[in-house]
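K.L.:
Take a look at data17.cif, mmCIF, C-alpha atoms:
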```cif
data_protein
loop_
_atom_site.label_atom_id
_atom_site.label_comp_id
_atom_site.auth_asym_id
_atom_site.auth_seq_id
_atom_site.Cartn_x
_atom_site.Cartn_y
_atom_site.Cartn_z
CA MET A 1 -30.29 -47.60 -29.12
CA LYS A 2 -32.57 -46.93 -26.19
CA LYS A 3 -30.68 -49.51 -24.13
CA VAL A 4 -27.38 -47.75 -24.82
CA PHE A 5 -28.89 -44.39 -23.88
CA VAL A 6 -30.34 -45.79 -20.63
CA LEU A 7 -27.03 -47.50 -19.86
CA MET A 8 -25.17 -44.21 -20.41
CA LEU A 9 -27.63 -42.40 -18.12
CA VAL A 10 -27.15 -45.00 -15.39
CA LEU A 11 -23.37 -44.84 -15.70
CA ALA A 12 -23.43 -41.03 -15.62
CA SER A 13 -25.59 -40.95 -12.50
CA ILE A 14 -23.33 -43.50 -10.77
CA SER A 15 -20.21 -41.46 -11.56
CA VAL A 16 -21.87 -38.22 -10.37
CA SER A 17 -23.03 -39.82 -7.14
CA SER A 18 -19.58 -41.31 -6.51
CA VAL A 19 -17.99 -37.88 -7.01
CA VAL A 20 -20.47 -36.29 -4.62
CA SER A 21 -20.02 -38.99 -2.01
CA ALA A 22 -16.21 -38.74 -2.37
CA GLN A 23 -16.31 -35.10 -1.38
CA GLN A 24 -15.35 -34.57 2.22
CA ILE A 25 -16.94 -31.76 4.15
CA GLY A 26 -15.36 -30.15 7.18
CA ARG A 27 -16.60 -27.63 9.67
CA VAL A 28 -14.77 -25.00 11.63
CA THR A 29 -15.60 -22.34 14.18
CA PHE A 30 -13.52 -19.49 12.74
CA GLN A 31 -14.40 -16.92 15.38
CA GLU A 32 -13.39 -19.23 18.23
CA ILE A 33 -9.99 -19.76 16.66
CA VAL A 34 -9.43 -16.03 16.20
CA LEU A 35 -10.41 -15.30 19.79
CA VAL A 36 -8.00 -17.83 21.30
CA LEU A 37 -4.97 -16.52 19.44
CA PRO A 38 -2.57 -14.79 21.84
CA GLU A 39 -2.41 -11.62 19.75
CA ALA A 40 -6.20 -11.20 19.71
CA ASP A 41 -6.26 -9.60 23.17
CA SER A 42 -3.55 -7.06 22.36
CA ILE A 43 -5.26 -6.17 19.08
CA GLN A 44 -8.58 -5.62 20.87
CA ALA A 45 -6.80 -3.51 23.51
CA LYS A 46 -5.22 -1.32 20.80
CA ILE A 47 -8.58 -0.82 19.08
CA THR A 48 -10.30 -0.02 22.38
CA LYS A 49 -7.54 2.42 23.38
CA HIS A 50 -7.72 4.21 20.04
CA ALA A 51 -11.52 4.43 20.24
CA ALA A 52 -11.30 5.76 23.81
CA THR A 53 -8.86 8.48 22.77
CA LEU A 54 -11.18 9.63 20.02
CA GLU A 55 -14.18 9.44 22.37
CA THR A 56 -12.30 11.66 24.86
CA ASP A 57 -11.60 14.19 22.11
CA LEU A 58 -15.24 14.11 21.09
CA GLU A 59 -16.40 14.59 24.66
CA GLN A 60 -14.08 17.60 25.05
CA MET A 61 -15.62 19.13 21.96
CA ARG A 62 -19.11 18.56 23.35
CA VAL A 63 -18.16 20.18 26.66
CA GLU A 64 -16.76 23.15 24.79
CA LEU A 65 -19.98 23.44 22.78
CA ASN A 66 -22.05 23.32 25.96
CA ASN A 67 -19.88 26.03 27.51
CA LYS A 68 -20.29 28.21 24.43
CA LEU A 69 -24.04 27.57 24.48
CA GLU A 70 -24.31 28.53 28.17
CA ASP A 71 -22.26 31.67 27.54
CA TYR A 72 -24.52 32.53 24.60
CA LYS A 73 -27.66 32.06 26.69
CA LYS A 74 -26.30 34.33 29.45
CA LYS A 75 -25.28 37.13 27.08
CA ARG A 76 -27.99 36.75 24.46
CA THR A 77 -30.09 39.68 25.70
CA THR A 78 -27.10 42.00 25.31
CA TYR A 79 -26.47 41.10 21.67
CA SER A 80 -27.72 43.06 18.72
CA VAL A 81 -29.70 41.15 16.10
CA ALA A 82 -26.64 40.87 13.84
CA ILE A 83 -24.39 39.61 16.66
CA ASP A 84 -27.09 37.19 17.85
CA GLU A 85 -27.40 35.69 14.36
CA GLN A 86 -23.61 35.44 14.08
CA LYS A 87 -23.36 33.64 17.46
CA GLN A 88 -26.11 31.20 16.45
CA ARG A 89 -24.28 30.45 13.18
CA GLU A 90 -21.05 29.87 15.12
CA LEU A 91 -22.81 27.47 17.48
CA ASN A 92 -24.43 25.62 14.58
CA ASP A 93 -21.12 25.44 12.71
CA TYR A 94 -19.35 24.08 15.78
CA ASN A 95 -22.08 21.49 16.28
CA THR A 96 -21.71 20.46 12.63
CA ARG A 97 -17.93 20.08 13.11
CA ILE A 98 -18.56 17.88 16.15
CA ASN A 99 -20.90 15.65 14.15
CA GLU A 100 -18.39 15.43 11.30
CA PHE A 101 -15.63 14.57 13.76
CA ALA A 102 -17.79 11.80 15.27
CA GLN A 103 -18.35 10.29 11.82
CA THR A 104 -14.68 10.58 10.89
CA ALA A 105 -13.64 9.08 14.22
CA GLN A 106 -15.96 6.11 13.72
CA LYS A 107 -14.51 5.47 10.27
CA GLU A 108 -11.01 5.77 11.71
CA VAL A 109 -11.76 3.19 14.39
CA GLU A 110 -13.14 0.86 11.73
CA ASN A 111 -10.02 1.36 9.57
CA VAL A 112 -7.68 0.75 12.52
CA SER A 113 -9.68 -2.33 13.45
CA PHE A 114 -9.50 -3.64 9.89
CA SER A 115 -5.77 -3.00 9.52
CA LEU A 116 -4.97 -4.68 12.85
CA THR A 117 -7.26 -7.70 12.44
CA GLN A 118 -6.70 -8.42 8.75
CA PRO A 119 -3.30 -10.15 9.21
CA LEU A 120 -4.76 -12.25 12.02
CA LEU A 121 -7.73 -13.32 9.90
CA LEU A 122 -5.46 -14.20 6.98
CA LYS A 123 -3.29 -16.28 9.30
CA VAL A 124 -6.33 -18.28 10.44
CA GLN A 125 -7.61 -18.66 6.86
CA GLU A 126 -4.23 -20.00 5.75
CA ALA A 127 -4.19 -22.48 8.64
CA ILE A 128 -7.70 -23.65 7.75
CA ALA A 129 -6.66 -24.14 4.12
CA LYS A 130 -3.56 -26.08 5.19
CA VAL A 131 -5.46 -28.42 7.53
CA SER A 132 -8.25 -28.85 4.96
CA LYS A 133 -5.75 -29.94 2.31
CA GLU A 134 -4.02 -32.29 4.75
CA LYS A 135 -7.37 -33.92 5.58
CA GLY A 136 -8.50 -34.06 1.95
CA LEU A 137 -11.53 -31.88 2.50
CA THR A 138 -13.42 -30.46 -0.45
CA PHE A 139 -15.57 -28.01 1.51
CA VAL A 140 -15.22 -26.38 4.91
CA VAL A 141 -18.20 -24.65 6.49
CA ASP A 142 -17.73 -21.90 9.10
CA LEU A 143 -20.19 -22.41 11.94
CA SER A 144 -19.31 -19.11 13.66
CA GLN A 145 -22.03 -17.16 11.95
CA GLY A 146 -24.37 -19.88 10.81
CA ASN A 147 -26.07 -17.41 8.49
CA ASN A 148 -26.96 -19.82 5.69
CA ILE A 149 -26.56 -23.19 7.34
CA MET A 150 -29.93 -24.73 8.02
CA TYR A 151 -28.66 -28.15 8.97
CA ILE A 152 -25.35 -29.94 9.33
CA ASP A 153 -24.86 -33.60 10.10
CA GLU A 154 -21.95 -33.34 12.52
CA ALA A 155 -21.26 -37.07 12.29
CA ALA A 156 -20.76 -36.79 8.53
CA THR A 157 -18.42 -33.80 8.75
CA LEU A 158 -15.00 -33.34 10.26
CA ASP A 159 -14.58 -30.59 12.86
CA ILE A 160 -11.17 -29.13 12.06
CA THR A 161 -11.34 -26.36 14.67
CA PRO A 162 -9.05 -28.21 17.12
CA LEU A 163 -6.67 -29.16 14.28
CA VAL A 164 -6.41 -25.54 13.12
CA LYS A 165 -5.74 -24.41 16.70
CA VAL A 166 -2.90 -26.92 16.99
CA SER A 167 -1.59 -25.81 13.58
CA LEU A 168 -1.43 -22.27 14.98
CA GLY A 169 0.36 -23.42 18.15
CA ILE A 170 -2.70 -23.25 20.40
CA ALA A 171 -4.08 -26.01 22.59
CA ALA A 172 -6.80 -27.93 20.76
CA ASP A 173 -9.26 -27.41 23.63
CA ALA A 174 -8.49 -23.69 24.17
CA LYS A 175 -11.65 -21.61 24.60
CA PRO A 176 -12.00 -17.83 24.27
CA LYS A 177 -11.80 -15.92 27.55
CA GLN A 178 -14.75 -13.81 26.55
CA GLN A 179 -17.11 -13.29 23.69
CA PRO A 180 -16.11 -10.64 21.15
CA GLN A 181 -16.97 -7.14 22.22
CA GLN A 182 -19.07 -5.06 19.92
CA GLN A 183 -17.20 -2.22 18.32
CA GLN A 184 -17.43 0.81 20.47
CA GLN A 185 -19.72 3.23 18.69
CA MET A 186 -19.01 6.93 18.62
CA ARG A 187 -22.07 8.75 19.82
#
```
Would it be possible to restate this file's structure as C-alpha coordinates?
P.N.:
Amino acid sequence: MKKVFVLMLVLASISVSSVVSAQQIGRVTFQEIVLVLPEADSIQAKITKHAATLETDLEQMRVELNNKLEDYKKKRTTYSVAIDEQKQRELNDYNTRINEFAQTAQKEVENVSFSLTQPLLLKVQEAIAKVSKEKGLTFVVDLSQGNNIMYIDEAATLDITPLVKVSLGIAADAKPKQQPQQQQQMR
(Lines of atoms letter the chains of each structure in order from A and count residues from 1; the text may use other names and numbers.)
(Lines give C-alpha, C1' and ligand atoms only; values in the text may rest on other atoms or scores of the structure.)
Protein backbone atom coordinates (compact mmCIF):
# COMPACT_ATOMS: atom_id res chain seq x y z
CA MET A 1 0.00 0.00 0.00
CA LYS A 2 2.81 2.36 0.86
CA LYS A 3 4.49 1.56 -2.47
CA VAL A 4 1.32 2.50 -4.36
CA PHE A 5 1.01 5.74 -2.41
CA VAL A 6 4.67 6.65 -3.06
CA LEU A 7 4.27 5.74 -6.73
CA MET A 8 1.18 7.98 -6.97
CA LEU A 9 3.08 10.84 -5.31
CA VAL A 10 5.98 10.46 -7.75
CA LEU A 11 3.63 10.36 -10.73
CA ALA A 12 1.73 13.41 -9.48
CA SER A 13 4.92 15.42 -8.99
CA ILE A 14 6.15 14.44 -12.47
CA SER A 15 2.88 15.54 -14.07
CA VAL A 16 2.88 18.84 -12.14
CA SER A 17 6.47 19.58 -13.09
CA SER A 18 5.78 18.76 -16.75
CA VAL A 19 2.80 21.13 -16.75
CA VAL A 20 4.90 23.88 -15.18
CA SER A 21 7.77 23.35 -17.58
CA ALA A 22 5.34 23.29 -20.54
CA GLN A 23 4.14 26.76 -19.69
CA GLN A 24 5.72 29.39 -21.88
CA ILE A 25 6.39 32.81 -20.47
CA GLY A 26 6.69 35.92 -22.59
CA ARG A 27 7.69 39.46 -21.81
CA VAL A 28 6.61 42.72 -23.33
CA THR A 29 7.35 46.40 -22.87
CA PHE A 30 3.79 47.73 -23.06
CA GLN A 31 4.67 51.39 -22.63
CA GLU A 32 7.20 51.31 -25.46
CA ILE A 33 4.59 49.89 -27.81
CA VAL A 34 2.04 52.54 -26.86
CA LEU A 35 4.56 55.34 -27.35
CA VAL A 36 5.56 54.24 -30.87
CA LEU A 37 2.00 54.10 -32.16
CA PRO A 38 1.38 56.91 -34.66
CA GLU A 39 -1.73 58.13 -32.85
CA ALA A 40 0.08 58.47 -29.51
CA ASP A 41 1.56 61.86 -30.44
CA SER A 42 -1.77 63.33 -31.53
CA ILE A 43 -3.47 62.04 -28.38
CA GLN A 44 -0.77 63.61 -26.20
CA ALA A 45 -1.10 66.87 -28.15
CA LYS A 46 -4.88 66.92 -27.57
CA ILE A 47 -4.45 66.29 -23.85
CA THR A 48 -1.76 68.98 -23.58
CA LYS A 49 -3.87 71.48 -25.52
CA HIS A 50 -6.90 70.84 -23.34
CA ALA A 51 -4.83 71.18 -20.17
CA ALA A 52 -3.28 74.42 -21.47
CA THR A 53 -6.71 75.90 -22.18
CA LEU A 54 -7.86 75.14 -18.65
CA GLU A 55 -4.58 76.47 -17.22
CA THR A 56 -5.12 79.73 -19.15
CA ASP A 57 -8.63 80.02 -17.71
CA LEU A 58 -7.28 79.37 -14.25
CA GLU A 59 -4.55 81.96 -14.66
CA GLN A 60 -7.12 84.55 -15.79
CA MET A 61 -9.12 83.87 -12.66
CA ARG A 62 -6.01 84.32 -10.52
CA VAL A 63 -5.19 87.62 -12.23
CA GLU A 64 -8.73 88.79 -11.62
CA LEU A 65 -8.45 87.83 -7.95
CA ASN A 66 -5.17 89.70 -7.62
CA ASN A 67 -6.74 92.77 -9.24
CA LYS A 68 -9.68 92.60 -6.84
CA LEU A 69 -7.28 92.17 -3.93
CA GLU A 70 -5.20 95.20 -4.99
CA ASP A 71 -8.36 97.26 -5.41
CA TYR A 72 -9.53 96.16 -1.95
CA LYS A 73 -6.19 97.11 -0.38
CA LYS A 74 -6.30 100.57 -1.97
CA LYS A 75 -9.87 101.32 -0.89
CA ARG A 76 -9.92 99.43 2.40
CA THR A 77 -9.50 102.53 4.59
CA THR A 78 -12.58 104.09 3.01
CA TYR A 79 -14.85 101.13 3.77
CA SER A 80 -17.13 100.88 6.73
CA VAL A 81 -16.79 97.78 8.91
CA ALA A 82 -19.79 96.14 7.23
CA ILE A 83 -18.51 96.85 3.70
CA ASP A 84 -14.99 95.70 4.66
CA GLU A 85 -16.34 92.38 5.94
CA GLN A 86 -18.45 91.97 2.80
CA LYS A 87 -15.43 92.63 0.54
CA GLN A 88 -13.33 90.11 2.49
CA ARG A 89 -16.09 87.49 2.12
CA GLU A 90 -16.26 88.19 -1.61
CA LEU A 91 -12.50 87.77 -1.95
CA ASN A 92 -12.56 84.54 0.06
CA ASP A 93 -15.50 83.21 -1.96
CA TYR A 94 -13.74 84.01 -5.23
CA ASN A 95 -10.57 82.31 -4.00
CA THR A 96 -12.64 79.24 -3.06
CA ARG A 97 -14.18 79.20 -6.56
CA ILE A 98 -10.69 79.34 -8.08
CA ASN A 99 -9.57 76.38 -5.98
CA GLU A 100 -12.70 74.43 -6.92
CA PHE A 101 -12.13 75.24 -10.58
CA ALA A 102 -8.53 74.00 -10.33
CA GLN A 103 -9.70 70.69 -8.86
CA THR A 104 -12.46 70.31 -11.44
CA ALA A 105 -10.05 71.16 -14.25
CA GLN A 106 -7.57 68.54 -13.05
CA LYS A 107 -10.30 65.89 -12.99
CA GLU A 108 -11.41 66.98 -16.45
CA VAL A 109 -7.89 66.61 -17.83
CA GLU A 110 -7.67 63.15 -16.28
CA ASN A 111 -11.05 62.18 -17.79
CA VAL A 112 -10.07 63.48 -21.24
CA SER A 113 -6.77 61.66 -20.98
CA PHE A 114 -8.52 58.43 -20.01
CA SER A 115 -11.13 58.66 -22.77
CA LEU A 116 -8.50 59.38 -25.44
CA THR A 117 -5.95 56.78 -24.32
CA GLN A 118 -8.31 53.92 -23.43
CA PRO A 119 -8.95 52.81 -27.05
CA LEU A 120 -5.22 52.90 -27.73
CA LEU A 121 -4.44 50.78 -24.66
CA LEU A 122 -7.14 48.27 -25.59
CA LYS A 123 -5.71 48.03 -29.10
CA VAL A 124 -2.26 47.19 -27.70
CA GLN A 125 -3.72 44.70 -25.19
CA GLU A 126 -5.59 42.93 -27.98
CA ALA A 127 -2.42 42.75 -30.09
CA ILE A 128 -0.49 41.31 -27.14
CA ALA A 129 -3.19 38.69 -26.60
CA LYS A 130 -3.16 37.78 -30.30
CA VAL A 131 0.63 37.40 -30.48
CA SER A 132 0.68 35.51 -27.17
CA LYS A 133 -1.86 32.99 -28.46
CA GLU A 134 0.03 32.61 -31.75
CA LYS A 135 3.25 31.88 -29.83
CA GLY A 136 1.55 29.54 -27.35
CA LEU A 137 2.42 31.64 -24.33
CA THR A 138 0.77 30.97 -21.01
CA PHE A 139 1.95 34.13 -19.24
CA VAL A 140 3.15 37.50 -20.48
CA VAL A 141 4.91 39.87 -18.11
CA ASP A 142 4.94 43.63 -18.73
CA LEU A 143 8.41 45.00 -18.06
CA SER A 144 7.35 48.66 -18.47
CA GLN A 145 6.69 49.18 -14.81
CA GLY A 146 8.62 46.35 -13.24
CA ASN A 147 6.73 46.89 -10.00
CA ASN A 148 6.63 43.28 -8.82
CA ILE A 149 9.25 41.63 -10.97
CA MET A 150 12.33 40.88 -8.95
CA TYR A 151 14.05 38.75 -11.55
CA ILE A 152 13.42 37.52 -15.06
CA ASP A 153 15.57 35.10 -17.01
CA GLU A 154 15.44 36.76 -20.42
CA ALA A 155 16.86 33.67 -22.11
CA ALA A 156 13.97 31.57 -20.81
CA THR A 157 11.28 34.04 -21.89
CA LEU A 158 10.18 35.29 -25.27
CA ASP A 159 10.22 39.06 -25.85
CA ILE A 160 7.09 39.69 -27.88
CA THR A 161 7.46 43.48 -27.97
CA PRO A 162 8.79 43.50 -31.56
CA LEU A 163 6.12 40.98 -32.64
CA VAL A 164 3.32 43.11 -31.17
CA LYS A 165 4.73 46.20 -32.91
CA VAL A 166 4.69 44.36 -36.25
CA SER A 167 1.16 43.13 -35.50
CA LEU A 168 0.14 46.79 -35.09
CA GLY A 169 1.85 47.80 -38.34
CA ILE A 170 4.91 49.36 -36.70
CA ALA A 171 8.54 48.55 -37.39
CA ALA A 172 9.81 45.94 -34.94
CA ASP A 173 12.77 48.14 -33.95
CA ALA A 174 10.77 51.39 -33.61
CA LYS A 175 11.69 53.33 -30.48
CA PRO A 176 9.68 56.11 -28.80
CA LYS A 177 10.74 59.63 -29.77
CA GLN A 178 10.59 60.71 -26.16
CA GLN A 179 9.72 59.39 -22.77
CA PRO A 180 6.13 59.90 -21.64
CA GLN A 181 5.47 63.33 -20.24
CA GLN A 182 4.02 63.58 -16.79
CA GLN A 183 0.47 64.81 -16.74
CA GLN A 184 0.43 68.53 -16.49
CA GLN A 185 -0.76 69.37 -13.00
CA MET A 186 -3.11 72.24 -12.36
CA ARG A 187 -1.61 74.44 -9.72
K.L.:
CA of Ser132 in chain A and CA of Leu37 in chain A are how many Å apart?
P.N.:
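Computing the Euclidean distance for CA of Ser132 in chain A and CA of Leu37 in chain A yields 19.3 Å.
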K.L.:
Written as a PDB file with C-alpha atoms, in the coordinates of the input, what is the full residue list that the PyMOL selection byres ((chain A and resi 117) around 12) yields on the file shown?
P.N.:
```pdb
ATOM      1  CA  VAL A  34      -9.430 -16.030  16.200  1.00  0.00           C
ATOM      2  CA  LEU A  35     -10.410 -15.300  19.790  1.00  0.00           C
ATOM      3  CA  LEU A  37      -4.970 -16.520  19.440  1.00  0.00           C
ATOM      4  CA  GLU A  39      -2.410 -11.620  19.750  1.00  0.00           C
ATOM      5  CA  ALA A  40      -6.200 -11.200  19.710  1.00  0.00           C
ATOM      6  CA  ASP A  41      -6.260  -9.600  23.170  1.00  0.00           C
ATOM      7  CA  SER A  42      -3.550  -7.060  22.360  1.00  0.00           C
ATOM      8  CA  ILE A  43      -5.260  -6.170  19.080  1.00  0.00           C
ATOM      9  CA  GLN A  44      -8.580  -5.620  20.870  1.00  0.00           C
ATOM     10  CA  ALA A  45      -6.800  -3.510  23.510  1.00  0.00           C
ATOM     11  CA  LYS A  46      -5.220  -1.320  20.800  1.00  0.00           C
ATOM     12  CA  ILE A  47      -8.580  -0.820  19.080  1.00  0.00           C
ATOM     13  CA  VAL A 109     -11.760   3.190  14.390  1.00  0.00           C
ATOM     14  CA  GLU A 110     -13.140   0.860  11.730  1.00  0.00           C
ATOM     15  CA  ASN A 111     -10.020   1.360   9.570  1.00  0.00           C
ATOM     16  CA  VAL A 112      -7.680   0.750  12.520  1.00  0.00           C
ATOM     17  CA  SER A 113      -9.680  -2.330  13.450  1.00  0.00           C
ATOM     18  CA  PHE A 114      -9.500  -3.640   9.890  1.00  0.00           C
ATOM     19  CA  SER A 115      -5.770  -3.000   9.520  1.00  0.00           C
ATOM     20  CA  LEU A 116      -4.970  -4.680  12.850  1.00  0.00           C
ATOM     21  CA  GLN A 118      -6.700  -8.420   8.750  1.00  0.00           C
ATOM     22  CA  PRO A 119      -3.300 -10.150   9.210  1.00  0.00           C
ATOM     23  CA  LEU A 120      -4.760 -12.250  12.020  1.00  0.00           C
ATOM     24  CA  LEU A 121      -7.730 -13.320   9.900  1.00  0.00           C
ATOM     25  CA  LEU A 122      -5.460 -14.200   6.980  1.00  0.00           C
ATOM     26  CA  LYS A 123      -3.290 -16.280   9.300  1.00  0.00           C
ATOM     27  CA  VAL A 124      -6.330 -18.280  10.440  1.00  0.00           C
TER      28      VAL A 124
END
```
K.L.:
Which residues match the PyMOL selection byres ((chain A and resi 164) around 10) in the file above, as a PyMOL selection string?
P.N.:
chain A and resi 28-30+33+124-132+159-163+165-172
K.L.:
Report, in Å with one decimal, the straight-line distance from CA of Pro38 in chain A to CA of Gln106 in chain A.
P.N.:
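Taking CA of Pro38 in chain A and CA of Gln106 in chain A, their separation equals 26.1 Å.
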K.L.:
One number please: CA of Lys135 in chain A to CA of Leu158 in chain A, in Å, one decimal.
P.N.:
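So the answer is 9.0 Å.
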K.L.:
Specify as a PyMOL selection string each residue included when the PyMOL selection byres ((chain A and resi 88) around 12) is applied to this file.
P.N.:
chain A and resi 65+68-69+71-73+76+79+81-87+89-95
K.L.:
Which one is closest to Lys107 in chain A: A:Arg62, A:His50, A:Lys75, A:Lys133? Count all atoms listed in the file.
P.N.:
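Residue with the minimum atom-to-atom distance to Lys107 in chain A: A:His50.
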K.L.:
Tell me which protein, DNA and RNA residues are within 9 Å of Leu54 in chain A, counting all atoms listed in the file, leaving out same-chain ones fewer than 2 positions away, and put them as a list of chain:residue names.
P.N.:
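Residues meeting the cut-off are A:Lys49, A:His50, A:Ala51, A:Ala52, A:Thr56, A:Asp57, A:Leu58, A:Glu59, A:Ala102, A:Ala105, A:Gln106, A:Val109, A:Met186.
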K.L.:
Select, from A:Asp173, A:Glu70, A:Met61, A:Thr77, the residue with the minimum atom-to-atom distance to Glu100 in chain A, counting only C-alpha atoms.
P.N.:
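Closest candidate: A:Met61.
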